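Asks: Input structure: structure05.cif, which contains mmCIF, C-alpha atoms.
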```
data_my_file
#
loop_
_atom_site.group_PDB
_atom_site.id
_atom_site.type_symbol
_atom_site.label_atom_id
_atom_site.label_comp_id
_atom_site.auth_asym_id
_atom_site.auth_seq_id
_atom_site.Cartn_x
_atom_site.Cartn_y
_atom_site.Cartn_z
ATOM 1 C CA MET G 36 58.643 139.649 271.813
ATOM 2 C CA ILE G 37 54.940 138.896 271.405
ATOM 3 C CA PHE G 38 55.202 136.085 273.956
ATOM 4 C CA ILE G 39 56.754 138.429 276.508
ATOM 5 C CA THR G 40 54.025 141.016 275.910
ATOM 6 C CA LEU G 41 51.278 138.391 276.304
ATOM 7 C CA GLU G 42 52.878 137.138 279.502
ATOM 8 C CA HIS G 43 53.115 140.658 280.916
ATOM 9 C CA ILE G 44 49.445 141.413 280.169
ATOM 10 C CA SER G 45 48.240 138.048 281.493
ATOM 11 C CA ALA G 46 50.234 138.465 284.707
ATOM 12 C CA HIS G 47 48.675 141.829 285.566
ATOM 13 C CA VAL G 48 45.169 140.763 284.536
ATOM 14 C CA SER G 49 45.325 137.576 286.609
ATOM 15 C CA PHE G 50 46.706 139.427 289.631
ATOM 16 C CA SER G 51 43.866 141.970 289.442
ATOM 17 C CA LEU G 52 41.455 139.056 289.200
ATOM 18 C CA THR G 53 42.880 137.379 292.312
ATOM 19 C CA PHE G 54 42.454 140.662 294.203
ATOM 20 C CA VAL G 55 38.774 140.865 293.212
ATOM 21 C CA ILE G 56 38.236 137.177 294.059
ATOM 22 C CA THR G 57 39.752 137.697 297.502
ATOM 23 C CA LEU G 58 37.297 140.530 298.154
ATOM 24 C CA ILE G 59 34.437 138.322 296.937
ATOM 25 C CA TYR G 60 35.315 135.520 299.345
ATOM 26 C CA TRP G 61 35.762 137.888 302.249
ATOM 27 C CA GLY G 62 32.317 139.226 301.371
ATOM 28 C CA THR G 63 31.067 135.628 301.420
ATOM 29 C CA LEU G 64 32.267 135.299 305.016
ATOM 30 C CA LEU G 65 30.353 138.433 305.992
ATOM 31 C CA PHE G 66 27.100 137.857 304.104
ATOM 32 C CA LYS G 67 27.030 134.033 303.726
ATOM 33 C CA SER G 68 26.050 134.536 300.083
ATOM 34 C CA LYS G 69 25.961 131.444 297.879
ATOM 35 C CA GLU G 70 26.001 133.654 294.763
ATOM 36 C CA LEU G 71 29.210 135.346 295.854
ATOM 37 C CA SER G 72 30.796 131.989 296.581
ATOM 38 C CA ASN G 73 29.837 130.675 293.123
ATOM 39 C CA SER G 74 31.249 133.787 291.479
ATOM 40 C CA GLY G 75 34.488 133.374 293.392
ATOM 41 C CA GLY G 76 34.745 129.737 292.328
ATOM 42 C CA LYS G 77 34.361 130.655 288.660
ATOM 43 C CA GLY G 78 36.941 133.393 289.131
ATOM 44 C CA MET G 79 39.427 130.892 290.559
ATOM 45 C CA ILE G 80 39.018 128.731 287.444
ATOM 46 C CA VAL G 81 39.724 131.741 285.224
ATOM 47 C CA THR G 82 42.737 132.607 287.378
ATOM 48 C CA PHE G 83 44.050 129.056 287.061
ATOM 49 C CA ILE G 84 43.727 129.246 283.269
ATOM 50 C CA CYS G 85 45.477 132.637 283.125
ATOM 51 C CA ILE G 86 48.433 131.556 285.263
ATOM 52 C CA THR G 87 48.714 128.312 283.301
ATOM 53 C CA GLY G 88 48.859 130.427 280.141
ATOM 54 C CA ILE G 89 51.638 132.554 281.661
ATOM 55 C CA LEU G 90 53.762 129.523 282.508
ATOM 56 C CA VAL G 91 53.124 127.789 279.167
ATOM 57 C CA THR G 92 54.009 130.980 277.272
ATOM 58 C CA ARG G 93 57.176 131.370 279.319
ATOM 59 C CA SER G 94 58.092 127.776 278.621
ATOM 60 C CA LEU G 95 57.643 128.291 274.871
ATOM 61 C CA TYR G 96 59.984 131.236 274.534
ATOM 62 C CA SER G 97 62.538 130.087 277.139
ATOM 63 C CA GLY G 98 62.822 126.534 275.868
ATOM 64 C CA HIS G 99 62.660 124.946 279.321
ATOM 65 C CA LEU G 100 60.236 124.364 282.177
ATOM 66 C CA PRO G 101 59.446 127.648 283.978
ATOM 67 C CA LEU G 102 60.764 126.510 287.363
ATOM 68 C CA SER G 103 64.268 127.928 287.337
ATOM 69 C CA ASN G 104 64.088 131.121 289.438
ATOM 70 C CA LEU G 105 62.130 132.761 292.241
ATOM 71 C CA TYR G 106 59.637 134.500 289.946
ATOM 72 C CA GLU G 107 58.714 131.296 288.169
ATOM 73 C CA SER G 108 58.483 129.288 291.374
ATOM 74 C CA PHE G 109 56.171 131.868 292.949
ATOM 75 C CA MET G 110 53.931 131.815 289.881
ATOM 76 C CA PHE G 111 53.819 128.028 290.068
ATOM 77 C CA LEU G 112 52.983 128.258 293.776
ATOM 78 C CA SER G 113 50.131 130.642 292.947
ATOM 79 C CA LEU G 114 48.919 128.228 290.260
ATOM 80 C CA THR G 115 48.982 125.357 292.759
ATOM 81 C CA SER G 116 47.007 127.340 295.361
ATOM 82 C CA SER G 117 44.242 127.975 292.845
ATOM 83 C CA MET G 118 44.349 124.325 291.755
ATOM 84 C CA ILE G 119 43.888 123.127 295.356
ATOM 85 C CA HIS G 120 40.783 125.306 295.623
ATOM 86 C CA ILE G 121 39.326 123.964 292.380
ATOM 87 C CA VAL G 122 39.997 120.318 293.298
ATOM 88 C CA ILE G 123 38.315 120.650 296.702
ATOM 89 C CA GLU G 124 35.298 122.381 295.157
ATOM 90 C CA LEU G 125 35.020 119.741 292.428
ATOM 91 C CA ARG G 126 34.821 117.081 295.129
ATOM 92 C CA GLY G 127 31.480 118.630 296.023
ATOM 93 C CA GLN G 128 32.360 119.684 299.549
ATOM 94 C CA ASP G 129 30.239 122.434 301.097
ATOM 95 C CA ALA G 130 33.182 124.696 301.883
ATOM 96 C CA TRP G 131 31.960 128.212 301.136
ATOM 97 C CA TRP G 132 34.714 129.503 303.446
ATOM 98 C CA LEU G 133 37.515 127.813 301.498
ATOM 99 C CA GLY G 134 38.174 130.771 299.216
ATOM 100 C CA ALA G 135 38.923 132.976 302.221
ATOM 101 C CA ILE G 136 42.067 130.844 302.644
ATOM 102 C CA THR G 137 43.047 129.909 299.085
ATOM 103 C CA ALA G 138 42.223 133.198 297.320
ATOM 104 C CA PRO G 139 44.491 135.389 299.510
ATOM 105 C CA SER G 140 47.225 132.744 299.204
ATOM 106 C CA THR G 141 46.950 132.885 295.422
ATOM 107 C CA MET G 142 46.865 136.692 295.452
ATOM 108 C CA VAL G 143 49.857 137.170 297.783
ATOM 109 C CA THR G 144 52.147 134.720 295.962
ATOM 110 C CA HIS G 145 51.076 136.094 292.575
ATOM 111 C CA GLY G 146 51.445 139.680 293.756
ATOM 112 C CA PHE G 147 54.915 139.085 295.186
ATOM 113 C CA ALA G 148 56.050 137.521 291.913
ATOM 114 C CA THR G 149 54.481 140.202 289.721
ATOM 115 C CA LEU G 150 55.020 143.359 291.768
ATOM 116 C CA GLY G 151 57.474 142.508 294.546
ATOM 117 C CA LEU G 152 60.421 141.144 292.591
ATOM 118 C CA PRO G 153 62.831 143.301 290.566
ATOM 119 C CA ASP G 154 62.464 143.258 286.784
ATOM 120 C CA LYS G 155 65.670 141.271 286.312
ATOM 121 C CA MET G 156 64.097 138.411 288.256
ATOM 122 C CA HIS G 157 61.245 138.298 285.734
ATOM 123 C CA GLN G 158 63.622 137.589 282.877
ATOM 124 C CA SER G 159 64.070 134.029 281.760
ATOM 125 C CA ALA G 160 67.695 132.917 281.475
ATOM 126 C CA MET G 161 69.669 129.853 280.479
ATOM 127 C CA LEU G 162 69.529 127.070 283.009
ATOM 128 C CA VAL G 163 72.631 126.585 285.126
ATOM 129 C CA PRO G 164 74.258 123.186 284.473
ATOM 130 C CA ALA G 165 72.855 121.601 287.655
ATOM 131 C CA LEU G 166 69.292 122.379 286.512
ATOM 132 C CA GLN G 167 69.730 120.926 283.011
ATOM 133 C CA SER G 168 68.230 117.616 284.040
ATOM 134 C CA HIS G 169 65.030 115.612 283.687
ATOM 135 C CA TRP G 170 64.838 115.804 287.493
ATOM 136 C CA LEU G 171 63.826 119.484 287.210
ATOM 137 C CA MET G 172 60.175 118.616 286.574
ATOM 138 C CA MET G 173 60.076 115.749 289.061
ATOM 139 C CA HIS G 174 61.815 117.364 292.020
ATOM 140 C CA VAL G 175 60.966 121.070 291.792
ATOM 141 C CA SER G 176 57.315 120.658 290.812
ATOM 142 C CA ILE G 177 56.690 118.079 293.556
ATOM 143 C CA ILE G 178 58.412 120.246 296.176
ATOM 144 C CA LEU G 179 56.363 123.306 295.204
ATOM 145 C CA LEU G 180 53.167 121.249 295.249
ATOM 146 C CA SER G 181 54.080 120.095 298.756
ATOM 147 C CA TYR G 182 54.707 123.677 299.892
ATOM 148 C CA ALA G 183 51.325 124.819 298.575
ATOM 149 C CA THR G 184 49.379 121.995 300.225
ATOM 150 C CA LEU G 185 51.266 122.311 303.513
ATOM 151 C CA LEU G 186 50.675 126.076 303.572
ATOM 152 C CA CYS G 187 46.966 125.519 302.896
ATOM 153 C CA GLY G 188 46.787 123.029 305.770
ATOM 154 C CA SER G 189 48.716 125.345 308.089
ATOM 155 C CA LEU G 190 46.473 128.306 307.269
ATOM 156 C CA SER G 191 43.446 126.124 307.971
ATOM 157 C CA SER G 192 44.894 125.321 311.389
ATOM 158 C CA ILE G 193 45.532 129.006 312.088
ATOM 159 C CA ALA G 194 41.916 129.796 311.151
ATOM 160 C CA PHE G 195 40.815 126.896 313.376
ATOM 161 C CA LEU G 196 42.697 128.332 316.356
ATOM 162 C CA VAL G 197 41.330 131.857 315.799
ATOM 163 C CA ILE G 198 37.694 130.724 315.568
ATOM 164 C CA THR G 199 38.057 128.291 318.483
ATOM 165 C CA SER G 200 39.499 131.086 320.620
ATOM 166 C CA GLN G 201 36.525 133.311 319.778
ATOM 167 C CA ILE G 202 34.046 130.578 320.677
ATOM 168 C CA ASN G 203 35.767 129.854 323.987
ATOM 169 C CA GLN G 204 35.723 133.538 324.911
ATOM 170 C CA LYS G 205 31.988 133.797 324.186
ATOM 171 C CA ILE G 206 31.275 130.694 326.244
ATOM 172 C CA LEU G 207 33.137 132.200 329.181
ATOM 173 C CA VAL G 208 31.349 135.551 328.898
ATOM 174 C CA ASN G 209 27.849 134.455 327.974
ATOM 175 C CA VAL G 210 26.146 131.069 327.967
ATOM 176 C CA LYS G 211 22.700 132.218 326.916
ATOM 177 C CA ASN G 212 20.772 130.498 324.147
ATOM 178 C CA SER G 213 20.896 133.644 322.017
ATOM 179 C CA PHE G 214 24.062 132.567 320.267
ATOM 180 C CA SER G 215 23.929 128.803 320.654
ATOM 181 C CA PHE G 216 22.866 128.500 316.994
ATOM 182 C CA ARG G 217 25.724 130.683 315.851
ATOM 183 C CA ASN G 218 28.119 128.634 317.907
ATOM 184 C CA SER G 219 26.786 125.391 316.419
ATOM 185 C CA ARG G 220 27.510 126.758 312.950
ATOM 186 C CA LYS G 221 30.993 127.726 314.077
ATOM 187 C CA TRP G 222 31.570 124.268 315.527
ATOM 188 C CA ILE G 223 30.695 122.796 312.134
ATOM 189 C CA LEU G 224 33.099 125.253 310.514
ATOM 190 C CA ILE G 225 36.015 124.460 312.814
ATOM 191 C CA ASN G 226 35.437 120.737 312.291
ATOM 192 C CA GLN G 227 35.652 121.315 308.523
ATOM 193 C CA LEU G 228 38.810 123.379 309.001
ATOM 194 C CA ASP G 229 40.320 120.655 311.169
ATOM 195 C CA GLN G 230 39.583 117.974 308.564
ATOM 196 C CA LEU G 231 40.867 120.148 305.710
ATOM 197 C CA SER G 232 44.083 120.783 307.619
ATOM 198 C CA TYR G 233 44.552 117.086 308.378
ATOM 199 C CA HIS G 234 43.963 115.866 304.824
ATOM 200 C CA THR G 235 45.948 118.598 303.042
ATOM 201 C CA ILE G 236 48.898 118.221 305.412
ATOM 202 C CA GLY G 237 48.788 114.452 304.895
ATOM 203 C CA LEU G 238 48.967 114.986 301.137
ATOM 204 C CA GLY G 239 51.609 117.694 301.442
ATOM 205 C CA PHE G 240 53.747 115.518 303.714
ATOM 206 C CA SER G 241 53.651 112.678 301.182
ATOM 207 C CA LEU G 242 54.638 115.053 298.384
ATOM 208 C CA LEU G 243 57.425 116.545 300.506
ATOM 209 C CA THR G 244 58.771 113.058 301.202
ATOM 210 C CA ILE G 245 58.832 112.261 297.478
ATOM 211 C CA GLY G 246 60.397 115.644 296.763
ATOM 212 C CA ILE G 247 63.198 115.150 299.302
ATOM 213 C CA LEU G 248 63.951 111.635 298.025
ATOM 214 C CA SER G 249 63.993 112.732 294.376
ATOM 215 C CA GLY G 250 66.150 115.702 295.343
ATOM 216 C CA ALA G 251 68.648 113.366 297.002
ATOM 217 C CA VAL G 252 68.926 111.279 293.841
ATOM 218 C CA TRP G 253 69.324 114.425 291.727
ATOM 219 C CA ALA G 254 71.951 115.799 294.125
ATOM 220 C CA ASN G 255 73.957 112.619 293.794
ATOM 221 C CA GLU G 256 73.908 112.969 290.007
ATOM 222 C CA ALA G 257 74.744 116.675 290.023
ATOM 223 C CA TRP G 258 77.109 117.040 292.978
ATOM 224 C CA GLY G 259 78.194 113.496 293.822
ATOM 225 C CA ALA G 260 76.453 113.219 297.212
ATOM 226 C CA TYR G 261 72.913 112.341 298.261
ATOM 227 C CA TRP G 262 72.948 114.759 301.213
ATOM 228 C CA SER G 263 75.269 117.667 301.999
ATOM 229 C CA TRP G 264 73.429 119.544 304.785
ATOM 230 C CA ASP G 265 72.893 122.459 302.443
ATOM 231 C CA PRO G 266 70.649 125.123 304.130
ATOM 232 C CA LYS G 267 67.694 124.230 301.880
ATOM 233 C CA GLU G 268 68.139 120.530 302.600
ATOM 234 C CA THR G 269 68.407 121.176 306.316
ATOM 235 C CA TRP G 270 65.253 123.280 306.439
ATOM 236 C CA ALA G 271 63.411 120.757 304.261
ATOM 237 C CA LEU G 272 64.301 118.112 306.846
ATOM 238 C CA ILE G 273 63.115 120.378 309.687
ATOM 239 C CA THR G 274 59.852 120.916 307.801
ATOM 240 C CA TRP G 275 59.457 117.172 307.280
ATOM 241 C CA ILE G 276 60.078 116.429 310.966
ATOM 242 C CA LEU G 277 57.570 119.053 312.130
ATOM 243 C CA PHE G 278 54.750 117.738 309.977
ATOM 244 C CA ALA G 279 55.711 114.161 310.836
ATOM 245 C CA ILE G 280 55.149 115.114 314.480
ATOM 246 C CA TYR G 281 51.758 116.600 313.542
ATOM 247 C CA LEU G 282 50.655 113.439 311.729
ATOM 248 C CA HIS G 283 52.025 111.233 314.502
ATOM 249 C CA THR G 284 49.935 113.052 317.109
ATOM 250 C CA ARG G 285 46.836 112.768 314.913
ATOM 251 C CA ILE G 286 47.203 109.153 313.819
ATOM 252 C CA ASN G 287 49.009 107.364 316.646
ATOM 253 C CA ARG G 288 48.143 109.509 319.652
ATOM 254 C CA GLY G 289 44.578 110.262 318.552
ATOM 255 C CA TRP G 290 44.968 113.982 319.190
ATOM 256 C CA ASN G 291 42.685 116.473 317.521
ATOM 257 C CA GLY G 292 41.685 120.057 318.048
ATOM 258 C CA GLU G 293 43.978 122.739 319.400
ATOM 259 C CA LYS G 294 47.192 120.835 320.223
ATOM 260 C CA PRO G 295 47.948 119.485 316.723
ATOM 261 C CA ALA G 296 46.626 122.741 315.230
ATOM 262 C CA ILE G 297 49.349 124.635 317.104
ATOM 263 C CA VAL G 298 51.987 122.324 315.609
ATOM 264 C CA ALA G 299 50.535 122.797 312.123
ATOM 265 C CA SER G 300 50.426 126.579 312.608
ATOM 266 C CA LEU G 301 54.148 126.580 313.377
ATOM 267 C CA GLY G 302 54.585 124.776 310.100
ATOM 268 C CA PHE G 303 53.359 127.858 308.221
ATOM 269 C CA PHE G 304 56.470 129.789 309.286
ATOM 270 C CA ILE G 305 58.798 126.818 308.849
ATOM 271 C CA VAL G 306 57.662 126.261 305.251
ATOM 272 C CA TRP G 307 58.200 129.923 304.370
ATOM 273 C CA THR G 308 61.649 129.830 305.962
ATOM 274 C CA CYS G 309 62.525 126.738 303.961
ATOM 275 C CA TYR G 310 61.115 128.095 300.709
ATOM 276 C CA LEU G 311 61.896 131.816 300.760
ATOM 277 C CA GLY G 312 64.274 132.398 303.665
ATOM 278 C CA VAL G 313 67.112 130.375 302.167
ATOM 279 C CA ASP G 314 66.698 132.178 298.829
ATOM 280 C CA LEU G 315 66.835 135.564 300.552
ATOM 281 C CA LEU G 316 70.091 134.592 302.236
ATOM 282 C CA GLY G 317 71.542 133.548 298.902
ATOM 283 C CA ILE G 318 73.745 130.820 300.352
ATOM 284 C CA GLY G 319 74.179 127.167 299.581
ATOM 285 C CA LEU G 320 73.648 125.052 296.488
ATOM 286 C CA HIS G 321 69.970 126.000 296.157
ATOM 287 C CA SER G 322 70.441 129.766 295.822
ATOM 288 C CA TYR G 323 69.464 130.073 292.156
ATOM 289 C CA GLY G 324 66.463 132.230 293.064
ATOM 290 C CA TRP G 325 68.477 134.687 295.197
ATOM 291 C CA LEU G 326 66.943 138.130 295.271
ATOM 292 C CA LEU G 327 69.997 140.259 295.993
#
```
Could you rewrite the structure in this file as structure tokens?
Replies:
Amino acid sequence: MIFITLEHISAHVSFSLTFVITLIYWGTLLFKSKELSNSGGKGMIVTFICITGILVTRSLYSGHLPLSNLYESFMFLSLTSSMIHIVIELRGQDAWWLGAITAPSTMVTHGFATLGLPDKMHQSAMLVPALQSHWLMMHVSIILLSYATLLCGSLSSIAFLVITSQINQKILVNVKNSFSFRNSRKWILINQLDQLSYHTIGLGFSLLTIGILSGAVWANEAWGAYWSWDPKETWALITWILFAIYLHTRINRGWNGEKPAIVASLGFFIVWTCYLGVDLLGIGLHSYGWLL
């Protein structure tokens, strides 16, 4: 009982913290304050620790890895979003704008898990037979890591397209020197967004590939077939193909800028369809997290 109480308190405290951090980073965009950015970074570390505590506590009283239903997977996705932010900051990159992407992602996924799901979805239950396998950690954790990194890369591409569109409009309307400095700063920003998108999608694509392959091996053990065109499998393949096209255009065709960013932006919706849409439908072999 004490574990459940601690989890409940930690969940609401960490969600409130992600809300405050999101406001801090949006304030950073407006005021370009280094102090605000530093405060947000420390807050993301605290958030990461809190969510880790939630998942560890849940694991202790449930007796298995907390990756078995929609609530737990969303909490893990929120944890991964905060981890991506921390890793990029620890690499020493001057990305004061990063939190404007990762903080809302952490807040929305955390908020949906904490406030958007019915109470019965918060309860930990016995694993169904297909999930009672050592592949649970390998496959599910890798897939969720891939979703988080791909979503981060897609959001970076969306931000890239929005800022690029604003710059192009200003160039068409006014070419005076009065905002050439501001534009130069924006060009630096969109270049950083473009590189972040490229590198995170490259990592996410690799993780997705490993996740699909490990899932195929697990499926063969559990259901006797490597591939069954289950809705989740089909959408995972669609997701893989889309981001393969993105990386192909970047690496082999030498494209950069708006064209590959449009492809990556489409990936944002494809990933959510693959991850959440199939669960909402509640069909297929991967419907353990069904809401209804």
Asks: Skipping near chain neighbours, those fewer than 4 positions away, what residues fall within 6 Å of region 186-203 of chain G using all atoms listed in the file, listed as a list in words?
Replies: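 Surrounding residues, per the criterion: Tyr182, Ile225, Leu228, Ser232, Thr235, Ile236, Ala296, Ala299, Ser300 and Phe303 of chain G.
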Asks: Tell me which of G:Lys155, G:Arg93, G:Arg285, G:His145 sits closest to Ser116 (chain G), counting all atoms listed in the file.
Replies: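 The closest residue to Ser116 (chain G) is G:His145.
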Asks: Running the PyMOL selection byres ((chain G and resi 239-254) around 10) on this model by hand, what would come out? Give it as a PDB file with C-alpha atoms, keeping the file's coordinate frame.
Replies:
```
ATOM      1  CA  ALA G 165      72.855 121.601 287.655  1.00  0.00           C
ATOM      2  CA  LEU G 166      69.292 122.379 286.512  1.00  0.00           C
ATOM      3  CA  SER G 168      68.230 117.616 284.040  1.00  0.00           C
ATOM      4  CA  HIS G 169      65.030 115.612 283.687  1.00  0.00           C
ATOM      5  CA  TRP G 170      64.838 115.804 287.493  1.00  0.00           C
ATOM      6  CA  LEU G 171      63.826 119.484 287.210  1.00  0.00           C
ATOM      7  CA  MET G 173      60.076 115.749 289.061  1.00  0.00           C
ATOM      8  CA  HIS G 174      61.815 117.364 292.020  1.00  0.00           C
ATOM      9  CA  VAL G 175      60.966 121.070 291.792  1.00  0.00           C
ATOM     10  CA  SER G 176      57.315 120.658 290.812  1.00  0.00           C
ATOM     11  CA  ILE G 177      56.690 118.079 293.556  1.00  0.00           C
ATOM     12  CA  ILE G 178      58.412 120.246 296.176  1.00  0.00           C
ATOM     13  CA  LEU G 179      56.363 123.306 295.204  1.00  0.00           C
ATOM     14  CA  LEU G 180      53.167 121.249 295.249  1.00  0.00           C
ATOM     15  CA  SER G 181      54.080 120.095 298.756  1.00  0.00           C
ATOM     16  CA  TYR G 182      54.707 123.677 299.892  1.00  0.00           C
ATOM     17  CA  ALA G 183      51.325 124.819 298.575  1.00  0.00           C
ATOM     18  CA  THR G 184      49.379 121.995 300.225  1.00  0.00           C
ATOM     19  CA  LEU G 185      51.266 122.311 303.513  1.00  0.00           C
ATOM     20  CA  LEU G 186      50.675 126.076 303.572  1.00  0.00           C
ATOM     21  CA  CYS G 187      46.966 125.519 302.896  1.00  0.00           C
ATOM     22  CA  GLY G 188      46.787 123.029 305.770  1.00  0.00           C
ATOM     23  CA  TYR G 233      44.552 117.086 308.378  1.00  0.00           C
ATOM     24  CA  HIS G 234      43.963 115.866 304.824  1.00  0.00           C
ATOM     25  CA  THR G 235      45.948 118.598 303.042  1.00  0.00           C
ATOM     26  CA  ILE G 236      48.898 118.221 305.412  1.00  0.00           C
ATOM     27  CA  GLY G 237      48.788 114.452 304.895  1.00  0.00           C
ATOM     28  CA  LEU G 238      48.967 114.986 301.137  1.00  0.00           C
ATOM     29  CA  ASN G 255      73.957 112.619 293.794  1.00  0.00           C
ATOM     30  CA  GLU G 256      73.908 112.969 290.007  1.00  0.00           C
ATOM     31  CA  ALA G 257      74.744 116.675 290.023  1.00  0.00           C
ATOM     32  CA  TRP G 258      77.109 117.040 292.978  1.00  0.00           C
ATOM     33  CA  GLY G 259      78.194 113.496 293.822  1.00  0.00           C
ATOM     34  CA  ALA G 260      76.453 113.219 297.212  1.00  0.00           C
ATOM     35  CA  TYR G 261      72.913 112.341 298.261  1.00  0.00           C
ATOM     36  CA  TRP G 262      72.948 114.759 301.213  1.00  0.00           C
ATOM     37  CA  SER G 263      75.269 117.667 301.999  1.00  0.00           C
ATOM     38  CA  GLU G 268      68.139 120.530 302.600  1.00  0.00           C
ATOM     39  CA  ALA G 271      63.411 120.757 304.261  1.00  0.00           C
ATOM     40  CA  LEU G 272      64.301 118.112 306.846  1.00  0.00           C
ATOM     41  CA  THR G 274      59.852 120.916 307.801  1.00  0.00           C
ATOM     42  CA  TRP G 275      59.457 117.172 307.280  1.00  0.00           C
ATOM     43  CA  ILE G 276      60.078 116.429 310.966  1.00  0.00           C
ATOM     44  CA  LEU G 277      57.570 119.053 312.130  1.00  0.00           C
ATOM     45  CA  PHE G 278      54.750 117.738 309.977  1.00  0.00           C
ATOM     46  CA  ALA G 279      55.711 114.161 310.836  1.00  0.00           C
ATOM     47  CA  LEU G 282      50.655 113.439 311.729  1.00  0.00           C
ATOM     48  CA  LEU G 320      73.648 125.052 296.488  1.00  0.00           C
TER      49      LEU G 320
END
```
Asks: So how many Å separate CA of Gly78 (chain G) and CA of Ser49 (chain G), to one decimal?
Replies: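 Atom-to-atom, CA of Gly78 (chain G) and CA of Ser49 (chain G) are spaced 9.7 Å apart.
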Asks: Which one of G:Leu58, G:Met118, G:Leu112, G:Leu100 sits closest to Ile80 (chain G) if you count all atoms listed in the file?
Replies: G:Met118
Asks: Here's the selection I'm unsure about, the PyMOL selection byres ((chain G and resi 141) around 9); applied to the file above, which residues does it give, as a JSON list (two decimals) with C-alpha atoms, in the frame of the given file?
Replies:
```json
[["chain", "number", "residue", "atom", "x", "y", "z"],
["G", 50, "PHE", "CA", 46.71, 139.43, 289.63],
["G", 53, "THR", "CA", 42.88, 137.38, 292.31],
["G", 57, "THR", "CA", 39.75, 137.70, 297.50],
["G", 110, "MET", "CA", 53.93, 131.82, 289.88],
["G", 112, "LEU", "CA", 52.98, 128.26, 293.78],
["G", 113, "SER", "CA", 50.13, 130.64, 292.95],
["G", 114, "LEU", "CA", 48.92, 128.23, 290.26],
["G", 115, "THR", "CA", 48.98, 125.36, 292.76],
["G", 116, "SER", "CA", 47.01, 127.34, 295.36],
["G", 117, "SER", "CA", 44.24, 127.98, 292.85],
["G", 136, "ILE", "CA", 42.07, 130.84, 302.64],
["G", 137, "THR", "CA", 43.05, 129.91, 299.08],
["G", 138, "ALA", "CA", 42.22, 133.20, 297.32],
["G", 139, "PRO", "CA", 44.49, 135.39, 299.51],
["G", 140, "SER", "CA", 47.22, 132.74, 299.20],
["G", 142, "MET", "CA", 46.86, 136.69, 295.45],
["G", 143, "VAL", "CA", 49.86, 137.17, 297.78],
["G", 144, "THR", "CA", 52.15, 134.72, 295.96],
["G", 145, "HIS", "CA", 51.08, 136.09, 292.58],
["G", 146, "GLY", "CA", 51.44, 139.68, 293.76]]
```
Asks: What separation in Å, quoted to one decimal, exists between CA of Cys85 (chain G) and CA of Tyr106 (chain G)?
Replies: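 These two atoms are separated by 15.8 Å.
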Asks: Restricting the calculation to only C-alpha atoms: of G:Ala148, G:Leu95, G:Cys309, G:Ile119, which residue gets closest to Glu107 (chain G)?
Replies: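 Comparing G:Ala148, G:Leu95, G:Cys309, G:Ile119 against Glu107 (chain G), the winner is G:Ala148.
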Asks: On this structure, which residues satisfy the PyMOL selection byres ((chain G and resi 39) around 12), written as a ChimeraX atom specification?
Replies: /G:36-38,40-46,88-97,157-159
Asks: For CA of Ile286 (chain G) and CA of Val298 (chain G), determine how far apart the two atoms are, in Å to one decimal place.
Replies: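 A separation of 14.1 Å between them.
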Asks: Restricting the calculation to all atoms listed in the file: of G:Phe83, G:Leu105, G:Gln167, G:Ala135, which residue gets closest to Thr63 (chain G)?
Replies: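 Using all atoms listed in the file, Thr63 (chain G) sits closest to G:Ala135.
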Asks: Given 5 Å on each side, where is the centre and what are the edge lengths in Å to one decimal of the axis-aligned box enclosing the listed atoms of region 272-279 of chain G, as AutoDock Vina command-line options?
Replies:
```
--center_x 59.5 --center_y 117.5 --center_z 309.5 --size_x 19.6 --size_y 16.8 --size_z 15.3
```
Asks: Ranking G:Gly75, G:Phe109, G:Asp229, G:Val48 by minimum distance to Gly151 (chain G) and counting only C-alpha atoms, which one comes first?
Replies: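 Closest to Gly151 (chain G), using only C-alpha atoms: G:Phe109.
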